Structure formats: structure tokens, C-alpha cells
file structure.cif (mmCIF, C-alpha atoms)
data_final
#
loop_
_atom_site.label_atom_id
_atom_site.label_comp_id
_atom_site.auth_asym_id
_atom_site.auth_seq_id
_atom_site.Cartn_x
_atom_site.Cartn_y
_atom_site.Cartn_z
CA MET I 136 129.32 44.00 72.07
CA ILE I 137 127.29 44.72 75.22
CA GLU I 138 130.46 45.13 77.28
CA GLN I 139 131.79 47.66 74.74
CA LEU I 140 128.55 49.64 74.95
CA LYS I 141 128.78 49.65 78.75
CA VAL I 142 132.31 51.06 78.54
CA VAL I 143 131.30 53.75 76.03
CA TRP I 144 128.28 54.68 78.18
CA GLY I 145 130.17 54.69 81.49
CA GLU I 146 133.34 56.44 80.34
CA PHE I 147 132.12 58.86 77.67
CA ILE I 148 128.39 59.43 77.25
CA ARG I 149 127.19 59.43 80.87
CA PRO I 150 129.85 61.92 82.12
CA MET I 151 128.96 64.31 79.28
CA MET I 152 125.28 64.22 80.23
CA GLN I 153 125.79 64.98 83.93
CA ARG I 154 125.05 68.51 84.98
CA PRO I 155 127.53 70.32 87.23
CA ARG I 156 126.43 70.79 90.82
CA ARG I 157 125.02 74.20 91.74
CA LEU I 158 126.44 75.91 94.82
CA GLN I 159 124.41 76.72 97.92
CA VAL I 160 125.45 78.12 101.27
CA ALA I 161 124.19 76.67 104.55
CA ALA I 162 124.16 77.94 108.12
CA LEU I 163 125.03 75.57 110.96
CA CYS I 164 123.44 77.65 113.72
CA TYR I 165 124.61 76.86 117.24
CA ARG I 166 124.73 78.11 120.82
CA ASP I 167 126.61 76.90 123.84
CA VAL I 168 124.47 76.21 126.91
CA GLY I 169 126.88 75.68 129.77
CA SER I 170 129.16 72.89 128.62
CA GLU I 171 126.66 71.63 126.04
CA ARG I 172 126.44 72.73 122.41
CA LYS I 173 123.03 72.92 120.75
CA VAL I 174 122.32 73.32 117.03
CA LEU I 175 119.24 74.84 115.46
CA ILE I 176 117.43 72.80 112.83
CA VAL I 177 114.38 73.74 110.78
CA THR I 178 111.87 71.89 108.66
CA SER I 179 111.92 72.15 104.89
CA ARG I 180 108.93 73.86 103.32
CA GLY I 181 108.18 71.06 100.90
CA THR I 182 108.53 67.77 102.77
CA GLY I 183 108.79 68.92 106.38
CA ARG I 184 112.03 66.98 106.89
CA TRP I 185 114.68 68.40 109.24
CA ILE I 186 117.44 70.47 107.59
CA ILE I 187 119.74 73.38 108.32
CA PRO I 188 119.03 76.80 106.73
CA LYS I 189 120.49 77.09 103.25
CA GLY I 190 120.06 78.93 99.98
CA TRP I 191 121.68 80.31 96.87
CA PRO I 192 124.64 82.75 96.93
CA MET I 193 123.62 86.42 96.96
CA ASN I 194 125.00 89.36 95.02
CA GLY I 195 126.88 91.75 97.29
CA LYS I 196 127.39 89.13 100.05
CA ASN I 197 130.18 86.66 100.56
CA SER I 198 129.24 83.04 101.26
CA ALA I 199 129.27 83.38 105.07
CA GLN I 200 127.11 86.53 104.89
CA ALA I 201 124.65 84.78 102.57
CA ALA I 202 124.47 81.84 105.00
CA LEU I 203 123.72 84.30 107.83
CA GLN I 204 120.94 85.83 105.70
CA GLU I 205 119.44 82.36 105.18
CA ALA I 206 119.63 81.77 108.94
CA TRP I 207 117.50 84.90 109.40
CA GLU I 208 114.96 84.09 106.68
CA GLU I 209 114.49 80.39 107.53
CA ALA I 210 115.21 80.20 111.27
CA GLY I 211 114.80 83.70 112.67
CA VAL I 212 118.43 84.28 113.67
CA ALA I 213 118.15 88.02 114.39
CA LYS I 214 121.71 88.37 115.65
CA GLY I 215 124.47 85.97 114.85
CA GLU I 216 128.13 85.67 113.97
CA ALA I 217 129.05 83.66 110.88
CA GLN I 218 132.55 82.24 110.55
CA ASP I 219 134.22 82.96 107.21
CA GLN I 220 135.59 79.42 106.94
CA ALA I 221 133.22 76.59 105.98
CA VAL I 222 133.33 73.54 108.27
CA GLY I 223 132.40 71.21 105.45
CA GLN I 224 130.23 70.62 102.45
CA TYR I 225 127.55 68.16 101.50
CA ARG I 226 125.78 67.10 98.34
CA TYR I 227 122.11 66.49 97.71
CA ASP I 228 119.56 66.66 94.92
CA LYS I 229 117.17 69.59 95.27
CA VAL I 230 113.70 68.75 93.98
CA LYS I 231 112.19 71.70 92.12
CA ALA I 232 108.46 72.48 91.88
CA THR I 233 108.51 70.99 88.37
CA GLY I 234 109.60 67.64 89.79
CA TRP I 235 113.05 67.89 88.20
CA THR I 236 116.07 67.62 90.44
CA VAL I 237 119.07 69.92 90.57
CA PRO I 238 122.36 68.51 91.88
CA VAL I 239 123.60 70.82 94.65
CA GLU I 240 126.72 71.16 96.75
CA ALA I 241 126.19 73.15 99.96
CA LEU I 242 129.04 74.83 101.84
CA VAL I 243 128.34 74.82 105.59
CA PHE I 244 129.25 77.88 107.67
CA PRO I 245 129.00 77.88 111.47
CA VAL I 246 126.79 80.67 112.83
CA LYS I 247 126.97 81.49 116.54
CA VAL I 248 123.42 82.55 117.46
CA LYS I 249 123.15 85.54 119.78
CA GLU I 250 119.44 86.30 119.40
CA LEU I 251 116.38 84.62 117.87
CA SER I 252 113.21 86.32 116.71
CA ASP I 253 109.77 84.73 116.64
CA SER I 254 108.83 86.99 113.72
CA PHE I 255 110.90 86.20 110.62
CA PRO I 256 110.17 85.84 106.87
CA GLU I 257 109.41 82.08 106.85
CA ALA I 258 108.07 81.71 110.41
CA ASP I 259 104.68 80.47 109.19
CA GLN I 260 106.27 77.93 106.81
CA ARG I 261 108.77 76.18 109.07
CA LYS I 262 109.26 74.68 112.51
CA ARG I 263 112.54 75.05 114.34
CA LYS I 264 114.12 73.43 117.35
CA TRP I 265 117.34 73.29 119.33
CA VAL I 266 118.90 69.84 119.62
CA SER I 267 122.29 68.34 120.33
CA ALA I 268 124.56 67.94 117.33
CA GLU I 269 124.21 64.18 117.74
CA GLU I 270 120.41 64.35 117.61
CA ALA I 271 120.56 66.70 114.61
CA ALA I 272 122.79 64.18 112.83
CA ASN I 273 120.15 61.53 113.46
CA LEU I 274 117.32 63.73 112.17
CA VAL I 275 118.75 64.99 108.86
CA ARG I 276 118.73 62.81 105.76
CA GLU I 277 121.90 63.70 103.88
CA PRO I 278 124.84 61.40 104.84
CA GLU I 279 127.53 64.07 104.43
CA LEU I 280 125.53 66.54 106.54
CA LYS I 281 125.09 63.84 109.18
CA ALA I 282 128.89 63.53 109.36
CA ILE I 283 129.39 67.29 109.64
CA LEU I 284 126.88 67.48 112.49
CA ALA I 285 128.29 64.42 114.26
CA ASN I 286 131.75 66.00 114.28
CA PHE I 287 130.65 69.52 115.25
#
call {"tool": "encode", "arguments": {"input": "structure.cif", "output": "C-alpha cells"}}
result
Amino acid sequence: MIEQLKVVWGEFIRPMMQRPRRLQVAALCYRDVGSERKVLIVTSRGTGRWIIPKGWPMNGKNSAQAALQEAWEEAGVAKGEAQDQAVGQYRYDKVKATGWTVPVEALVFPVKVKELSDSFPEADQRKRKWVSAEEAANLVREPELKAILANF
């Protein structure tokens, strides 16, 4: 009887209860310094962990443009060039202020940084730093994002 309940739960009930993942767009900001590539990471507002800029899609902007907007708001990328093709995607659970989690899938768009500003919308809420892609992969938490960074 217990085995039958496990099958019913695993194959029918649990899948019906799962929420679909919400889409976010993320900016993998980078610059080339000589022969070395650096990526820009920022801290999250809530936990202070290292992340890349990301946010929800925006009306009137395609995904790459929305990622570039997030790069401005969260990291101060004043001038940058976003590629239209995502280099990957990663999944994570976004913790809302209520404590509930929202399953998210983030599409990652490379953004070549041409100019940074010290004055940007979230400058007083975040830290930012340039690191190698390898170091960034070691600093972020999400396994799929680690892989994207390690291969960038």
C-alpha cells in the first residue's frame, strides 16, 4: 500500500502541485584587460552573496535589453553592449520578502562593459567587483551559474 501511495504521489500529485518557473534575465558583464577577461559581480541586496545582475523581463525591451537595464541598475554599467544570444541559463529559488520561494530560470546574456558609473540606482545597496571568470564561479552559489562562468 505504501509503495502504491509513493507512486501516486511521485507520478501524479507532486507534478501537479509544482509551480512553473518564472523567467528572469541576467547580465554577464565582462571586459577584456589585455589577454585576460574579467567579469563584474555584485552582492545581492538581501543576503549579500555574490551574484550577477538579473531581474524580470520588461515591457518594450527584448531580453538582452532588459539584461542591460539590470546591469545599469544593479552594477552601474553606464555603457555596454549586450549580445542578443544567451550563453546559458540557470535555475534557482528566489526568496521573497514573505519568506516564500519562487522557482526561477534566468537566461544569461553577455554584456561587454564600455563604461561604469559610480552613481547608479542601487549603488548604496550593493558592492561590486571585477574578478576572473574562474573566481566568479567560485564565489556564486548556483551550480549552473558556476558552470556558465567557468566556461566563459
call {"tool": "closest_atom_pairs", "arguments": {"input": "structure.cif", "of": "segment 224-273 of chain I", "to": "segment 174-190 of chain I", "cutoff": "7 Å", "atoms": "all atoms listed in the file", "output": "JSON lines"}}
result
{"residue": "I:Gln260", "atom": "CA", "partner": "I:Arg180", "partner_atom": "CA", "distance": 6.0}
{"residue": "I:Arg261", "atom": "CA", "partner": "I:Thr178", "partner_atom": "CA", "distance": 5.3}
{"residue": "I:Lys262", "atom": "CA", "partner": "I:Thr178", "partner_atom": "CA", "distance": 5.4}
{"residue": "I:Arg263", "atom": "CA", "partner": "I:Val177", "partner_atom": "CA", "distance": 4.2}
{"residue": "I:Lys264", "atom": "CA", "partner": "I:Leu175", "partner_atom": "CA", "distance": 5.6}
{"residue": "I:Trp265", "atom": "CA", "partner": "I:Leu175", "partner_atom": "CA", "distance": 4.6}
{"residue": "I:Val266", "atom": "CA", "partner": "I:Val174", "partner_atom": "CA", "distance": 5.5}
{"residue": "I:Ser267", "atom": "CA", "partner": "I:Val174", "partner_atom": "CA", "distance": 6.0}
{"residue": "I:Ala268", "atom": "CA", "partner": "I:Val174", "partner_atom": "CA", "distance": 5.8}
call {"tool": "resolve_selection", "arguments": {"input": "structure.cif", "expression": "the PyMOL selection byres ((chain I and resi 241) around 6)", "output": "list in words"}}
result
Leu158, Gln159, Val160, Gln224, Tyr225, Glu240 and Leu242 of chain I
call {"tool": "atom_distance", "arguments": {"input": "structure.cif", "atom1": "atom CA of Gln204 of chain I", "atom2": "atom CA of Ala232 of chain I"}}
result
22.9 Å
call {"tool": "residues_near_point", "arguments": {"input": "structure.cif", "point": "(123.2, 86.9, 120.9)", "cutoff": "7 Å", "atoms": "all atoms listed in the file", "output": "PyMOL selection string"}}
result
chain I and resi 214-215+248-250
call {"tool": "closest_residue", "arguments": {"input": "structure.cif", "among": "I:Asn286, I:Ala206, I:Tyr165, I:Pro238", "to": "Arg226 of chain I", "atoms": "all atoms listed in the file"}}
result
I:Pro238
call {"tool": "closest_residue", "arguments": {"input": "structure.cif", "among": "I:Val168, I:Leu251, I:Ala258, I:Leu274", "to": "Ala213 of chain I", "atoms": "all atoms listed in the file"}}
result
I:Leu251
call {"tool": "atom_distance", "arguments": {"input": "structure.cif", "atom1": "atom CA of Glu279 of chain I", "atom2": "atom CA of Gly211 of chain I"}}
result
24.8 Å
call {"tool": "atom_distance", "arguments": {"input": "structure.cif", "atom1": "atom CA of Pro245 of chain I", "atom2": "atom CA of Asp167 of chain I"}}
result
12.6 Å
call {"tool": "residues_around", "arguments": {"input": "structure.cif", "residues": "Gly223 of chain I", "least_positions_apart": "4", "cutoff": "8 Å", "atoms": "only C-alpha atoms", "output": "PyMOL selection string"}}
result
chain I and resi 242-244+283
call {"tool": "residues_around", "arguments": {"input": "structure.cif", "residues": "Glu257 of chain I", "least_positions_apart": "5", "cutoff": "8 Å", "atoms": "only C-alpha atoms", "output": "JSON, numbers by chain"}}
result
{"I": [208, 209, 210]}
call {"tool": "decode", "arguments": {"input": "structure.cif", "residues": "segment 185-200 of chain I", "atoms": "N, CA and C atoms", "output": "PDB file, in the first residue's frame"}}
result
ATOM      1  N   TRP I 185      27.415  36.855  -3.548  1.00  0.00           N
ATOM      2  CA  TRP I 185      27.833  37.321  -4.870  1.00  0.00           C
ATOM      3  C   TRP I 185      26.941  36.720  -5.949  1.00  0.00           C
ATOM      4  N   ILE I 186      26.496  37.592  -6.883  1.00  0.00           N
ATOM      5  CA  ILE I 186      25.596  37.215  -7.970  1.00  0.00           C
ATOM      6  C   ILE I 186      25.988  38.006  -9.220  1.00  0.00           C
ATOM      7  N   ILE I 187      25.269  37.782 -10.301  1.00  0.00           N
ATOM      8  CA  ILE I 187      25.362  38.662 -11.457  1.00  0.00           C
ATOM      9  C   ILE I 187      24.036  39.428 -11.523  1.00  0.00           C
ATOM     10  N   PRO I 188      24.036  40.630 -12.117  1.00  0.00           N
ATOM     11  CA  PRO I 188      22.786  41.405 -12.195  1.00  0.00           C
ATOM     12  C   PRO I 188      21.701  40.633 -12.930  1.00  0.00           C
ATOM     13  N   LYS I 189      20.499  40.686 -12.384  1.00  0.00           N
ATOM     14  CA  LYS I 189      19.376  39.997 -13.030  1.00  0.00           C
ATOM     15  C   LYS I 189      18.064  40.605 -12.574  1.00  0.00           C
ATOM     16  N   GLY I 190      17.021  40.340 -13.345  1.00  0.00           N
ATOM     17  CA  GLY I 190      15.704  40.857 -12.992  1.00  0.00           C
ATOM     18  C   GLY I 190      14.648  40.307 -13.929  1.00  0.00           C
ATOM     19  N   TRP I 191      13.449  40.824 -13.771  1.00  0.00           N
ATOM     20  CA  TRP I 191      12.305  40.359 -14.550  1.00  0.00           C
ATOM     21  C   TRP I 191      12.312  40.977 -15.940  1.00  0.00           C
ATOM     22  N   PRO I 192      11.712  40.300 -16.933  1.00  0.00           N
ATOM     23  CA  PRO I 192      11.574  40.903 -18.271  1.00  0.00           C
ATOM     24  C   PRO I 192      10.827  42.241 -18.174  1.00  0.00           C
ATOM     25  N   MET I 193      11.048  43.106 -19.146  1.00  0.00           N
ATOM     26  CA  MET I 193      10.463  44.450 -19.122  1.00  0.00           C
ATOM     27  C   MET I 193       9.664  44.694 -20.392  1.00  0.00           C
ATOM     28  N   ASN I 194       8.504  45.296 -20.234  1.00  0.00           N
ATOM     29  CA  ASN I 194       7.694  45.669 -21.390  1.00  0.00           C
ATOM     30  C   ASN I 194       8.467  46.646 -22.260  1.00  0.00           C
ATOM     31  N   GLY I 195       8.429  46.422 -23.574  1.00  0.00           N
ATOM     32  CA  GLY I 195       9.095  47.307 -24.515  1.00  0.00           C
ATOM     33  C   GLY I 195      10.563  46.997 -24.721  1.00  0.00           C
ATOM     34  N   LYS I 196      11.119  46.011 -24.013  1.00  0.00           N
ATOM     35  CA  LYS I 196      12.528  45.631 -24.168  1.00  0.00           C
ATOM     36  C   LYS I 196      12.610  44.135 -24.451  1.00  0.00           C
ATOM     37  N   ASN I 197      13.533  43.765 -25.333  1.00  0.00           N
ATOM     38  CA  ASN I 197      13.755  42.329 -25.507  1.00  0.00           C
ATOM     39  C   ASN I 197      14.602  41.844 -24.326  1.00  0.00           C
ATOM     40  N   SER I 198      14.868  40.567 -24.263  1.00  0.00           N
ATOM     41  CA  SER I 198      15.561  40.003 -23.102  1.00  0.00           C
ATOM     42  C   SER I 198      16.956  40.576 -22.920  1.00  0.00           C
ATOM     43  N   ALA I 199      17.716  40.738 -24.006  1.00  0.00           N
ATOM     44  CA  ALA I 199      19.072  41.288 -23.906  1.00  0.00           C
ATOM     45  C   ALA I 199      19.033  42.739 -23.428  1.00  0.00           C
ATOM     46  N   GLN I 200      18.076  43.518 -23.924  1.00  0.00           N
ATOM     47  CA  GLN I 200      17.941  44.912 -23.490  1.00  0.00           C
ATOM     48  C   GLN I 200      17.556  44.997 -22.014  1.00  0.00           C
TER      49      GLN I 200
END
